[in-house]
file target-v2.pdb (PDB, C-alpha atoms)
MODEL        1
ATOM      1  CA  MET A   7      24.084  -3.493   1.493  1.00  0.00           C
ATOM      2  CA  SER A   8      23.164  -7.117   0.980  1.00  0.00           C
ATOM      3  CA  ALA A   9      19.412  -7.438   0.486  1.00  0.00           C
ATOM      4  CA  TYR A  10      17.363  -9.172  -2.130  1.00  0.00           C
ATOM      5  CA  ALA A  11      14.335  -7.655  -3.795  1.00  0.00           C
ATOM      6  CA  ASP A  12      11.061  -9.505  -4.015  1.00  0.00           C
ATOM      7  CA  THR A  13       9.548  -9.932  -7.483  1.00  0.00           C
ATOM      8  CA  LEU A  14       6.183  -8.564  -8.558  1.00  0.00           C
ATOM      9  CA  ASN A  15       4.030 -10.765 -10.800  1.00  0.00           C
ATOM     10  CA  GLY A  16       0.921 -10.144 -12.881  1.00  0.00           C
ATOM     11  CA  ALA A  17       1.820  -6.841 -14.555  1.00  0.00           C
ATOM     12  CA  THR A  18       4.581  -5.076 -16.457  1.00  0.00           C
ATOM     13  CA  LEU A  19       6.244  -1.736 -15.850  1.00  0.00           C
ATOM     14  CA  GLN A  20       4.601   1.171 -17.673  1.00  0.00           C
ATOM     15  CA  SER A  21       6.055   4.653 -18.002  1.00  0.00           C
ATOM     16  CA  TRP A  22       4.050   7.852 -17.643  1.00  0.00           C
ATOM     17  CA  SER A  23       4.571  11.600 -17.811  1.00  0.00           C
ATOM     18  CA  PRO A  24       3.640  14.084 -15.063  1.00  0.00           C
ATOM     19  CA  THR A  25       1.819  16.074 -17.752  1.00  0.00           C
ATOM     20  CA  VAL A  26      -1.071  13.583 -17.545  1.00  0.00           C
ATOM     21  CA  LEU A  27      -1.809  14.857 -14.044  1.00  0.00           C
ATOM     22  CA  ASN A  28      -3.270  17.959 -15.660  1.00  0.00           C
ATOM     23  CA  SER A  29      -5.863  15.774 -17.398  1.00  0.00           C
ATOM     24  CA  PRO A  30      -7.391  13.404 -14.817  1.00  0.00           C
ATOM     25  CA  GLY A  31      -9.085  10.403 -16.397  1.00  0.00           C
ATOM     26  CA  THR A  32      -6.440   9.987 -19.084  1.00  0.00           C
ATOM     27  CA  GLY A  33      -3.322   7.815 -19.108  1.00  0.00           C
ATOM     28  CA  PRO A  34      -2.692   5.418 -16.186  1.00  0.00           C
ATOM     29  CA  TYR A  35      -5.652   3.792 -14.444  1.00  0.00           C
ATOM     30  CA  TRP A  36      -4.800   5.576 -11.179  1.00  0.00           C
ATOM     31  CA  ASN A  37      -4.825   9.076 -12.726  1.00  0.00           C
ATOM     32  CA  ASN A  38      -8.254  10.178 -11.537  1.00  0.00           C
ATOM     33  CA  LEU A  39      -9.818  13.336 -10.191  1.00  0.00           C
ATOM     34  CA  SER A  40      -9.387  13.297  -6.439  1.00  0.00           C
ATOM     35  CA  GLY A  41     -11.935  14.344  -3.868  1.00  0.00           C
ATOM     36  CA  GLU A  42      -9.167  16.544  -2.451  1.00  0.00           C
ATOM     37  CA  GLY A  43      -8.455  18.278  -5.762  1.00  0.00           C
ATOM     38  CA  PRO A  44      -7.513  17.417  -9.360  1.00  0.00           C
ATOM     39  CA  LEU A  45      -3.750  17.298  -8.690  1.00  0.00           C
ATOM     40  CA  HIS A  46      -3.999  15.101  -5.649  1.00  0.00           C
ATOM     41  CA  ASN A  47      -3.750  11.485  -6.796  1.00  0.00           C
ATOM     42  CA  ILE A  48      -0.866   9.058  -6.241  1.00  0.00           C
ATOM     43  CA  GLY A  49       1.022  10.520  -9.212  1.00  0.00           C
ATOM     44  CA  SER A  50       1.039  13.882  -7.461  1.00  0.00           C
ATOM     45  CA  CYS A  51       2.340  12.282  -4.265  1.00  0.00           C
ATOM     46  CA  LEU A  52       5.261  10.667  -6.080  1.00  0.00           C
ATOM     47  CA  THR A  53       6.201  13.844  -7.956  1.00  0.00           C
ATOM     48  CA  GLY A  54       5.643  16.233  -5.036  1.00  0.00           C
ATOM     49  CA  THR A  55       2.999  18.300  -6.810  1.00  0.00           C
ATOM     50  CA  GLY A  56      -0.522  19.457  -6.069  1.00  0.00           C
ATOM     51  CA  ASN A  57      -1.794  19.013  -2.537  1.00  0.00           C
ATOM     52  CA  CYS A  58      -0.302  15.570  -2.039  1.00  0.00           C
ATOM     53  CA  GLN A  59       2.989  15.978  -0.211  1.00  0.00           C
ATOM     54  CA  ILE A  60       5.174  13.164   1.092  1.00  0.00           C
ATOM     55  CA  ALA A  61       8.762  13.253   2.293  1.00  0.00           C
ATOM     56  CA  ASN A  62      11.391  12.737  -0.423  1.00  0.00           C
ATOM     57  CA  PRO A  63       9.038  12.137  -3.369  1.00  0.00           C
ATOM     58  CA  PRO A  64      10.783   9.711  -5.747  1.00  0.00           C
ATOM     59  CA  GLY A  65       9.436  11.180  -9.001  1.00  0.00           C
ATOM     60  CA  ALA A  66       7.454   9.691 -11.879  1.00  0.00           C
ATOM     61  CA  LEU A  67       8.337   6.061 -11.234  1.00  0.00           C
ATOM     62  CA  SER A  68       7.060   3.485 -13.695  1.00  0.00           C
ATOM     63  CA  TYR A  69       3.927   1.715 -12.515  1.00  0.00           C
ATOM     64  CA  TYR A  70       2.832  -1.884 -12.886  1.00  0.00           C
ATOM     65  CA  GLY A  71      -0.113  -2.237 -15.221  1.00  0.00           C
ATOM     66  CA  ASN A  72      -1.552  -3.682 -18.398  1.00  0.00           C
ATOM     67  CA  GLY A  73      -1.324  -0.771 -20.804  1.00  0.00           C
ATOM     68  CA  THR A  74      -3.655   1.828 -19.312  1.00  0.00           C
ATOM     69  CA  ALA A  75      -5.697  -0.863 -17.549  1.00  0.00           C
ATOM     70  CA  ALA A  76      -5.465  -1.981 -13.954  1.00  0.00           C
ATOM     71  CA  PRO A  77      -4.059  -5.489 -13.408  1.00  0.00           C
ATOM     72  CA  PHE A  78      -6.532  -7.966 -11.990  1.00  0.00           C
ATOM     73  CA  ASN A  79      -4.025  -9.856  -9.874  1.00  0.00           C
ATOM     74  CA  MET A  80      -0.676  -8.567  -8.618  1.00  0.00           C
ATOM     75  CA  SER A  81       1.378 -10.730  -6.281  1.00  0.00           C
ATOM     76  CA  PHE A  82       4.926 -10.877  -4.989  1.00  0.00           C
ATOM     77  CA  THR A  83       7.357 -13.758  -4.885  1.00  0.00           C
ATOM     78  CA  SER A  84       9.505 -13.673  -1.766  1.00  0.00           C
ATOM     79  CA  SER A  85      13.284 -13.640  -2.064  1.00  0.00           C
ATOM     80  CA  GLY A  86      13.520 -14.944   1.494  1.00  0.00           C
ATOM     81  CA  THR A  87      14.588 -11.511   2.762  1.00  0.00           C
ATOM     82  CA  ALA A  88      12.727  -9.569   5.449  1.00  0.00           C
ATOM     83  CA  GLN A  89      10.781  -6.595   4.103  1.00  0.00           C
ATOM     84  CA  GLU A  90       9.952  -3.244   5.651  1.00  0.00           C
ATOM     85  CA  VAL A  91       6.850  -1.154   4.976  1.00  0.00           C
ATOM     86  CA  SER A  92       6.759   2.541   5.894  1.00  0.00           C
ATOM     87  CA  LEU A  93       3.747   4.848   6.043  1.00  0.00           C
ATOM     88  CA  LEU A  94       4.575   7.817   3.783  1.00  0.00           C
ATOM     89  CA  GLY A  95       1.170   9.457   3.629  1.00  0.00           C
ATOM     90  CA  VAL A  96      -2.510   9.244   4.573  1.00  0.00           C
ATOM     91  CA  PHE A  97      -4.926  11.244   2.423  1.00  0.00           C
ATOM     92  CA  THR A  98      -8.317   9.947   3.485  1.00  0.00           C
ATOM     93  CA  THR A  99     -11.059  10.709   5.984  1.00  0.00           C
ATOM     94  CA  GLN A 100     -10.744   7.142   7.307  1.00  0.00           C
ATOM     95  CA  THR A 101      -8.399   7.956  10.170  1.00  0.00           C
ATOM     96  CA  GLY A 102     -10.298   6.706  13.203  1.00  0.00           C
ATOM     97  CA  VAL A 103     -12.207   9.919  13.909  1.00  0.00           C
ATOM     98  CA  THR A 104     -15.838   9.192  14.875  1.00  0.00           C
ATOM     99  CA  PRO A 105     -18.109   8.516  13.056  1.00  0.00           C
ATOM    100  CA  LEU A 106     -15.722   7.736  10.205  1.00  0.00           C
ATOM    101  CA  GLY A 107     -13.668   4.590   9.983  1.00  0.00           C
ATOM    102  CA  THR A 108     -10.089   3.371   9.785  1.00  0.00           C
ATOM    103  CA  ASP A 109      -7.872   1.735   7.167  1.00  0.00           C
ATOM    104  CA  TYR A 110      -5.739  -1.310   8.031  1.00  0.00           C
ATOM    105  CA  PHE A 111      -2.895  -2.423   5.779  1.00  0.00           C
ATOM    106  CA  GLY A 112      -1.170  -5.788   5.822  1.00  0.00           C
ATOM    107  CA  TRP A 113       0.132  -8.736   3.833  1.00  0.00           C
ATOM    108  CA  TYR A 114      -1.572 -12.009   3.048  1.00  0.00           C
ATOM    109  CA  THR A 115      -1.012 -15.489   1.690  1.00  0.00           C
ATOM    110  CA  TYR A 116      -3.487 -17.581  -0.260  1.00  0.00           C
ATOM    111  CA  ASN A 117      -3.145 -21.338  -0.025  1.00  0.00           C
ATOM    112  CA  ASN A 118      -5.671 -24.111  -0.711  1.00  0.00           C
ATOM    113  CA  GLY A 119      -8.556 -21.659  -0.796  1.00  0.00           C
ATOM    114  CA  VAL A 120      -7.632 -20.015   2.511  1.00  0.00           C
ATOM    115  CA  VAL A 121      -6.590 -16.354   2.788  1.00  0.00           C
ATOM    116  CA  THR A 122      -4.428 -15.567   5.824  1.00  0.00           C
ATOM    117  CA  MET A 123      -4.067 -11.861   6.646  1.00  0.00           C
ATOM    118  CA  ASN A 124      -1.229 -10.386   8.701  1.00  0.00           C
ATOM    119  CA  PRO A 125      -1.668  -6.732   9.823  1.00  0.00           C
ATOM    120  CA  LEU A 126       1.198  -4.253   9.500  1.00  0.00           C
ATOM    121  CA  LEU A 127       0.074  -0.597   9.642  1.00  0.00           C
ATOM    122  CA  ASN A 128      -3.080   1.483   9.962  1.00  0.00           C
ATOM    123  CA  SER A 129      -4.231   4.977   9.075  1.00  0.00           C
ATOM    124  CA  THR A 130      -4.266   6.244  12.669  1.00  0.00           C
ATOM    125  CA  GLU A 131      -0.492   5.859  13.028  1.00  0.00           C
ATOM    126  CA  ALA A 132       2.018   8.670  12.636  1.00  0.00           C
ATOM    127  CA  ILE A 133       3.574   9.307   9.253  1.00  0.00           C
ATOM    128  CA  GLY A 134       6.913   7.500   9.262  1.00  0.00           C
ATOM    129  CA  SER A 135       5.593   4.494  11.199  1.00  0.00           C
ATOM    130  CA  TYR A 136       7.023   1.265   9.890  1.00  0.00           C
ATOM    131  CA  SER A 137       6.807  -2.479  10.322  1.00  0.00           C
ATOM    132  CA  THR A 138       8.918  -5.414   9.195  1.00  0.00           C
ATOM    133  CA  PHE A 139       7.817  -8.883   8.127  1.00  0.00           C
ATOM    134  CA  LEU A 140       9.278 -12.002   6.553  1.00  0.00           C
ATOM    135  CA  PRO A 141       7.088 -13.321   3.740  1.00  0.00           C
ATOM    136  CA  THR A 142       7.523 -16.731   2.165  1.00  0.00           C
ATOM    137  CA  GLY A 143       6.500 -18.016  -1.238  1.00  0.00           C
ATOM    138  CA  ASN A 144       3.901 -15.931  -3.040  1.00  0.00           C
ATOM    139  CA  TYR A 145       2.125 -13.202  -1.143  1.00  0.00           C
ATOM    140  CA  GLY A 146       0.182  -9.992  -1.641  1.00  0.00           C
ATOM    141  CA  PHE A 147      -1.108  -6.991   0.255  1.00  0.00           C
ATOM    142  CA  TYR A 148      -4.560  -6.115   1.511  1.00  0.00           C
ATOM    143  CA  LEU A 149      -6.395  -3.021   2.713  1.00  0.00           C
ATOM    144  CA  GLU A 150      -9.252  -3.339   5.174  1.00  0.00           C
ATOM    145  CA  ASN A 151     -11.525  -0.297   5.283  1.00  0.00           C
ATOM    146  CA  VAL A 152     -13.869  -0.197   8.284  1.00  0.00           C
ATOM    147  CA  GLN A 153     -16.580   2.416   7.764  1.00  0.00           C
ATOM    148  CA  SER A 154     -18.978   3.759  10.420  1.00  0.00           C
ATOM    149  CA  PRO A 155     -17.921   1.277  13.120  1.00  0.00           C
ATOM    150  CA  GLY A 156     -20.465   0.513  15.820  1.00  0.00           C
ATOM    151  CA  THR A 157     -23.457   1.755  13.840  1.00  0.00           C
ATOM    152  CA  SER A 158     -26.158   0.031  11.817  1.00  0.00           C
ATOM    153  CA  TYR A 159     -24.217   1.143   8.739  1.00  0.00           C
ATOM    154  CA  THR A 160     -20.955  -0.574   9.650  1.00  0.00           C
ATOM    155  CA  ALA A 161     -19.171  -1.968   6.608  1.00  0.00           C
ATOM    156  CA  ASN A 162     -15.866  -3.798   6.352  1.00  0.00           C
ATOM    157  CA  TYR A 163     -14.309  -3.787   2.914  1.00  0.00           C
ATOM    158  CA  PHE A 164     -11.362  -6.081   2.211  1.00  0.00           C
ATOM    159  CA  TRP A 165      -9.349  -5.162  -0.885  1.00  0.00           C
ATOM    160  CA  PHE A 166      -6.511  -7.401  -2.101  1.00  0.00           C
ATOM    161  CA  THR A 167      -3.823  -7.063  -4.753  1.00  0.00           C
ATOM    162  CA  ASP A 168      -5.632 -10.064  -6.221  1.00  0.00           C
ATOM    163  CA  SER A 169      -8.997  -8.347  -6.634  1.00  0.00           C
ATOM    164  CA  GLY A 170     -10.705 -11.708  -7.120  1.00  0.00           C
ATOM    165  CA  LEU A 171     -10.345 -12.208  -3.359  1.00  0.00           C
ATOM    166  CA  ASP A 172     -12.122  -8.964  -2.408  1.00  0.00           C
ATOM    167  CA  TYR A 173     -15.080  -9.269  -0.062  1.00  0.00           C
ATOM    168  CA  THR A 174     -17.234  -7.223   2.308  1.00  0.00           C
ATOM    169  CA  SER A 175     -18.950  -7.849   5.621  1.00  0.00           C
ATOM    170  CA  GLY A 176     -21.239  -5.937   7.958  1.00  0.00           C
ATOM    171  CA  PRO A 177     -24.866  -4.761   7.719  1.00  0.00           C
ATOM    172  CA  GLY A 178     -23.998  -1.729   5.571  1.00  0.00           C
ATOM    173  CA  ALA A 179     -21.726  -3.480   3.101  1.00  0.00           C
ATOM    174  CA  PRO A 180     -22.769  -3.678  -0.563  1.00  0.00           C
ATOM    175  CA  PRO A 181     -21.103  -6.110  -2.993  1.00  0.00           C
ATOM    176  CA  THR A 182     -17.485  -5.480  -4.000  1.00  0.00           C
ATOM    177  CA  ASP A 183     -16.844  -3.452  -7.144  1.00  0.00           C
ATOM    178  CA  GLY A 184     -14.451  -5.858  -8.887  1.00  0.00           C
ATOM    179  CA  LEU A 185     -11.839  -3.133  -9.320  1.00  0.00           C
ATOM    180  CA  GLN A 186      -8.144  -3.038  -8.419  1.00  0.00           C
ATOM    181  CA  HIS A 187      -7.622  -0.932  -5.280  1.00  0.00           C
ATOM    182  CA  PHE A 188      -3.816  -0.969  -5.431  1.00  0.00           C
ATOM    183  CA  SER A 189      -1.331   0.871  -7.620  1.00  0.00           C
ATOM    184  CA  ILE A 190       2.294  -0.265  -7.426  1.00  0.00           C
ATOM    185  CA  PHE A 191       5.376   1.591  -8.629  1.00  0.00           C
ATOM    186  CA  GLY A 192       8.919   0.294  -9.071  1.00  0.00           C
ATOM    187  CA  GLY A 193      11.711   2.165  -7.309  1.00  0.00           C
ATOM    188  CA  THR A 194      15.445   1.505  -7.078  1.00  0.00           C
ATOM    189  CA  ASN A 195      17.342  -1.131  -5.087  1.00  0.00           C
ATOM    190  CA  GLY A 196      14.318  -3.378  -4.680  1.00  0.00           C
ATOM    191  CA  THR A 197      12.013  -0.642  -3.424  1.00  0.00           C
ATOM    192  CA  PHE A 198       8.333  -0.425  -4.337  1.00  0.00           C
ATOM    193  CA  TYR A 199       5.785   2.303  -3.684  1.00  0.00           C
ATOM    194  CA  LEU A 200       2.134   1.406  -3.131  1.00  0.00           C
ATOM    195  CA  GLY A 201      -0.856   3.703  -3.494  1.00  0.00           C
ATOM    196  CA  LEU A 202      -4.128   2.442  -1.998  1.00  0.00           C
ATOM    197  CA  GLU A 203      -7.792   3.269  -2.642  1.00  0.00           C
ATOM    198  CA  ASP A 204     -10.012   2.497   0.345  1.00  0.00           C
ATOM    199  CA  THR A 205     -13.565   3.171  -0.879  1.00  0.00           C
ATOM    200  CA  PRO A 206     -15.615   1.163  -3.391  1.00  0.00           C
ATOM    201  CA  ALA A 207     -17.092   2.554  -6.577  1.00  0.00           C
ATOM    202  CA  PRO A 208     -19.093   4.645  -7.213  1.00  0.00           C
ATOM    203  CA  SER A 209     -18.372   6.589  -4.005  1.00  0.00           C
ATOM    204  CA  GLY A 210     -14.591   6.129  -4.247  1.00  0.00           C
ATOM    205  CA  ASP A 211     -12.586   8.699  -6.190  1.00  0.00           C
ATOM    206  CA  PHE A 212      -9.842   6.180  -7.069  1.00  0.00           C
ATOM    207  CA  ASP A 213      -6.991   8.595  -6.536  1.00  0.00           C
ATOM    208  CA  TYR A 214      -4.991   5.750  -4.917  1.00  0.00           C
ATOM    209  CA  ASN A 215      -3.445   7.884  -2.196  1.00  0.00           C
ATOM    210  CA  ASP A 216      -5.623   7.040   0.802  1.00  0.00           C
ATOM    211  CA  MET A 217      -2.536   5.316   2.172  1.00  0.00           C
ATOM    212  CA  VAL A 218       0.901   5.659   0.554  1.00  0.00           C
ATOM    213  CA  ILE A 219       3.328   2.886   1.467  1.00  0.00           C
ATOM    214  CA  GLU A 220       7.019   2.312   0.768  1.00  0.00           C
ATOM    215  CA  LEU A 221       8.166  -1.322   0.582  1.00  0.00           C
ATOM    216  CA  GLN A 222      11.864  -2.169   0.705  1.00  0.00           C
ATOM    217  CA  PRO A 223      14.080  -5.130   1.617  1.00  0.00           C
ATOM    218  CA  VAL A 224      15.792  -5.094   4.997  1.00  0.00           C
ATOM    219  CA  PRO A 225      19.612  -5.388   4.818  1.00  0.00           C
ATOM    220  CA  GLU A 226      21.018  -8.547   6.326  1.00  0.00           C
ATOM    221  CA  PRO A 227      22.751  -8.172   9.747  1.00  0.00           C
ATOM    222  CA  SER A 228      26.177  -8.730   8.187  1.00  0.00           C
ATOM    223  CA  SER A 229      25.578  -5.713   5.973  1.00  0.00           C
ATOM    224  CA  PHE A 230      24.872  -3.525   8.974  1.00  0.00           C
ATOM    225  CA  ALA A 231      28.142  -4.663  10.530  1.00  0.00           C
ATOM    226  CA  LEU A 232      30.079  -3.721   7.401  1.00  0.00           C
ATOM    227  CA  MET A 233      28.436  -0.315   7.231  1.00  0.00           C
ATOM    228  CA  ALA A 234      29.199   0.359  10.870  1.00  0.00           C
ATOM    229  CA  GLY A 235      32.919  -0.418  10.559  1.00  0.00           C
ATOM    230  CA  GLY A 236      35.801   1.853   9.566  1.00  0.00           C
ATOM    231  CA  VAL A 237      35.053   4.995   7.583  1.00  0.00           C
ATOM    232  CA  GLY A 238      31.613   3.624   6.734  1.00  0.00           C
ATOM    233  CA  LEU A 239      30.431   4.781  10.145  1.00  0.00           C
ATOM    234  CA  LEU A 240      31.140   8.391   9.223  1.00  0.00           C
ATOM    235  CA  SER A 241      28.906   8.237   6.182  1.00  0.00           C
ATOM    236  CA  LEU A 242      26.065   6.218   7.694  1.00  0.00           C
ATOM    237  CA  LEU A 243      22.835   8.189   7.750  1.00  0.00           C
ATOM    238  CA  PHE A 244      20.295   7.282  10.356  1.00  0.00           C
ATOM    239  CA  ARG A 245      16.635   7.538   9.543  1.00  0.00           C
ATOM    240  CA  VAL A 246      14.297   8.668  12.328  1.00  0.00           C
ATOM    241  CA  VAL A 247      11.012   6.806  12.173  1.00  0.00           C
ATOM    242  CA  PHE A 248       8.097   6.241  14.474  1.00  0.00           C
ATOM    243  CA  ARG A 249       7.146   2.724  15.427  1.00  0.00           C
ATOM    244  CA  SER A 250       3.713   2.030  16.795  1.00  0.00           C
ATOM    245  CA  ASN A 251       3.667   0.158  20.079  1.00  0.00           C
ATOM    246  CA  SER A 252       1.082  -2.159  18.552  1.00  0.00           C
ATOM    247  CA  GLN A 253       1.793  -3.161  14.979  1.00  0.00           C
ATOM    248  CA  ASN A 254      -1.737  -4.319  14.440  1.00  0.00           C
ATOM    249  CA  GLY A 255      -4.781  -4.212  12.333  1.00  0.00           C
ATOM    250  CA  GLU A 256      -8.342  -3.945  13.593  1.00  0.00           C
ATOM    251  CA  ASP A 257      -7.850  -6.537  16.327  1.00  0.00           C
ATOM    252  CA  GLY A 258      -4.080  -7.026  16.283  1.00  0.00           C
ATOM    253  CA  ASN A 259      -4.329 -10.657  15.223  1.00  0.00           C
ATOM    254  CA  ASN A 260      -3.796 -12.637  12.074  1.00  0.00           C
ATOM    255  CA  ARG A 261      -7.020 -13.391  10.266  1.00  0.00           C
ATOM    256  CA  ALA A 262      -7.999 -16.135   7.885  1.00  0.00           C
ATOM    257  CA  TYR A 263     -11.038 -16.819   5.777  1.00  0.00           C
ATOM    258  CA  GLN A 264     -12.117 -19.531   3.390  1.00  0.00           C
ATOM    259  CA  GLN A 265     -12.451 -18.303  -0.179  1.00  0.00           C
ATOM    260  CA  LYS A 266     -15.621 -19.697  -1.700  1.00  0.00           C
TER     261      LYS A 266
ENDMDL
END
call {"tool": "encode", "arguments": {"input": "target-v2.pdb", "output": "structure tokens"}}
result
Amino acid sequence: MSAYADTLNGATLQSWSPTVLNSPGTGPYWNNLSGEGPLHNIGSCLTGTGNCQIANPPGALSYYGNGTAAPFNMSFTSSGTAQEVSLLGVFTTQTGVTPLGTDYFGWYTYNNGVVTMNPLLNSTEAIGSYSTFLPTGNYGFYLENVQSPGTSYTANYFWFTDSGLDYTSGPGAPPTDGLQHFSIFGGTNGTFYLGLEDTPAPSGDFDYNDMVIELQPVPEPSSFALMAGGVGLLSLLFRVVFRSNSQNGEDGNNRAYQQK
């Protein structure tokens, strides 16, 4: 397959052992006691343990960090290849059920003080939903958490892989917590796994599995043609996924705001 991996900046790969999952609060910054149980953070999802189950868990992949600390700013540099994000898991109450809220995941660019957000997936979609996009230059990912929509306590939290861009809006929104709400793991063949935390401190448990996302490059059309020819057709495995009819965020449109 001909596809080029994007490059992650702002952190280095760190190894970890599944044994740390028995001692939440030690080791990697994402290894915290979950509201759903002690063995239910993103590390459990990746290793297929505890109560956090995703399809085909990849194992204890190295994560991007600064020692045991969370990176302040993680960004990607585009290789010019289309990317695909797949929804592997949702372990949060923010799934669109009244009166709770919804999580919206997407990618963003930051240029000349302006953040432009492009929605991709949300927490109400079926596991296996996916979306493709073609980033350019440097880009990152964001998570919008809308809590208690339509009430006097409505709060919109916007968390970015560059946590310096985080902001909140709505009558019930307190200041941001200044923490990194993303954990990123390096897979094979240009694949990354992302674990997201949707709720601010101190109410958030920081288990980083509220949404679990797989990011991978999309093979170029010529590669598909090669795979489909000759004996390659006999060994081609087709993946069944669900695609939402509306690949959108809260309002289905790109959003931009001026960073002050």
call {"tool": "closest_residue", "arguments": {"input": "target-v2.pdb", "among": "A:Ile60, A:Ala161, A:Val26, A:Leu67", "to": "Phe198 (chain A)", "atoms": "only C-alpha atoms"}}
result
A:Leu67
call {"tool": "closest_residue", "arguments": {"input": "target-v2.pdb", "among": "A:Gly73, A:Pro206, A:Pro44, A:Pro223", "to": "Leu149 (chain A)", "atoms": "all atoms listed in the file"}}
result
A:Pro206
call {"tool": "closest_residue", "arguments": {"input": "target-v2.pdb", "among": "A:Gln265, A:Ser137, A:Thr174, A:Ser154", "to": "Gly107 (chain A)", "atoms": "all atoms listed in the file"}}
result
A:Ser154
call {"tool": "residues_near_point", "arguments": {"input": "target-v2.pdb", "point": "(3.6, 6.8, 2.1)", "cutoff": "10 Å", "atoms": "all atoms listed in the file", "output": "PyMOL selection string"}}
result
chain A and resi 48+51-52+59-61+63+91-97+133-135+199-202+215-221
call {"tool": "resolve_selection", "arguments": {"input": "target-v2.pdb", "expression": "the PyMOL selection byres ((chain A and resi 23) around 10)", "output": "NGL selection string"}}
result
:A and (21-22 or 24-27 or 33-34 or 49 or 66-68)
call {"tool": "closest_residue", "arguments": {"input": "target-v2.pdb", "among": "A:Thr138, A:Thr115, A:Ser209, A:Asn79", "to": "Val224 (chain A)", "atoms": "only C-alpha atoms"}}
result
A:Thr138
call {"tool": "atom_distance", "arguments": {"input": "target-v2.pdb", "atom1": "CA of Phe212 (chain A)", "atom2": "CA of Ile190 (chain A)"}}
result
13.7 Å
call {"tool": "resolve_selection", "arguments": {"input": "target-v2.pdb", "expression": "the PyMOL selection byres ((chain A and resi 81-88) around 7)", "output": "PyMOL selection string"}}
result
chain A and resi 9-16+79-80+89-90+138-146+167+223-224
call {"tool": "atom_distance", "arguments": {"input": "target-v2.pdb", "atom1": "CA of Ala132 (chain A)", "atom2": "CA of Glu226 (chain A)"}}
result
26.4 Å
call {"tool": "residues_around", "arguments": {"input": "target-v2.pdb", "residues": "Gly176 (chain A)", "least_positions_apart": "3", "cutoff": "12 Å", "atoms": "all atoms listed in the file", "output": "PyMOL selection string"}}
result
chain A and resi 151-164+173+179-181
call {"tool": "closest_residue", "arguments": {"input": "target-v2.pdb", "among": "A:Gly71, A:Gly112, A:Pro105, A:Pro64", "to": "Ala17 (chain A)", "atoms": "only C-alpha atoms"}}
result
A:Gly71
call {"tool": "atom_distance", "arguments": {"input": "target-v2.pdb", "atom1": "CA of Gly119 (chain A)", "atom2": "CA of Ala262 (chain A)"}}
result
10.3 Å
call {"tool": "residues_around", "arguments": {"input": "target-v2.pdb", "residues": "Tyr263 (chain A)", "least_positions_apart": "6", "cutoff": "9 Å", "atoms": "all atoms listed in the file", "output": "VMD selection string"}}
result
chain A and resid 119 to 123
call {"tool": "residues_around", "arguments": {"input": "target-v2.pdb", "residues": "Gln186 (chain A)", "least_positions_apart": "2", "cutoff": "12 Å", "atoms": "all atoms listed in the file", "output": "ChimeraX atom specification"}}
result
/A:35-36,70-72,75-80,147-149,164-172,182-184,188-190,201-207,210,212-214
call {"tool": "write_last_selection", "arguments": {"input": "target-v2.pdb", "atoms": "C-alpha atoms", "output": "mmCIF file, keeping the file's coordinate frame"}}
result
data_model
loop_
_atom_site.group_PDB
_atom_site.id
_atom_site.type_symbol
_atom_site.label_atom_id
_atom_site.label_comp_id
_atom_site.auth_asym_id
_atom_site.auth_seq_id
_atom_site.Cartn_x
_atom_site.Cartn_y
_atom_site.Cartn_z
ATOM 1 C CA TYR A 35 -5.652 3.792 -14.444
ATOM 2 C CA TRP A 36 -4.800 5.576 -11.179
ATOM 3 C CA TYR A 70 2.832 -1.884 -12.886
ATOM 4 C CA GLY A 71 -0.113 -2.237 -15.221
ATOM 5 C CA ASN A 72 -1.552 -3.682 -18.398
ATOM 6 C CA ALA A 75 -5.697 -0.863 -17.549
ATOM 7 C CA ALA A 76 -5.465 -1.981 -13.954
ATOM 8 C CA PRO A 77 -4.059 -5.489 -13.408
ATOM 9 C CA PHE A 78 -6.532 -7.966 -11.990
ATOM 10 C CA ASN A 79 -4.025 -9.856 -9.874
ATOM 11 C CA MET A 80 -0.676 -8.567 -8.618
ATOM 12 C CA PHE A 147 -1.108 -6.991 0.255
ATOM 13 C CA TYR A 148 -4.560 -6.115 1.511
ATOM 14 C CA LEU A 149 -6.395 -3.021 2.713
ATOM 15 C CA PHE A 164 -11.362 -6.081 2.211
ATOM 16 C CA TRP A 165 -9.349 -5.162 -0.885
ATOM 17 C CA PHE A 166 -6.511 -7.401 -2.101
ATOM 18 C CA THR A 167 -3.823 -7.063 -4.753
ATOM 19 C CA ASP A 168 -5.632 -10.064 -6.221
ATOM 20 C CA SER A 169 -8.997 -8.347 -6.634
ATOM 21 C CA GLY A 170 -10.705 -11.708 -7.120
ATOM 22 C CA LEU A 171 -10.345 -12.208 -3.359
ATOM 23 C CA ASP A 172 -12.122 -8.964 -2.408
ATOM 24 C CA THR A 182 -17.485 -5.480 -4.000
ATOM 25 C CA ASP A 183 -16.844 -3.452 -7.144
ATOM 26 C CA GLY A 184 -14.451 -5.858 -8.887
ATOM 27 C CA PHE A 188 -3.816 -0.969 -5.431
ATOM 28 C CA SER A 189 -1.331 0.871 -7.620
ATOM 29 C CA ILE A 190 2.294 -0.265 -7.426
ATOM 30 C CA GLY A 201 -0.856 3.703 -3.494
ATOM 31 C CA LEU A 202 -4.128 2.442 -1.998
ATOM 32 C CA GLU A 203 -7.792 3.269 -2.642
ATOM 33 C CA ASP A 204 -10.012 2.497 0.345
ATOM 34 C CA THR A 205 -13.565 3.171 -0.879
ATOM 35 C CA PRO A 206 -15.615 1.163 -3.391
ATOM 36 C CA ALA A 207 -17.092 2.554 -6.577
ATOM 37 C CA GLY A 210 -14.591 6.129 -4.247
ATOM 38 C CA PHE A 212 -9.842 6.180 -7.069
ATOM 39 C CA ASP A 213 -6.991 8.595 -6.536
ATOM 40 C CA TYR A 214 -4.991 5.750 -4.917
#
call {"tool": "closest_residue", "arguments": {"input": "target-v2.pdb", "among": "A:Thr74, A:Asn118, A:Asn28, A:Gln264", "to": "Thr55 (chain A)", "atoms": "all atoms listed in the file"}}
result
A:Asn28
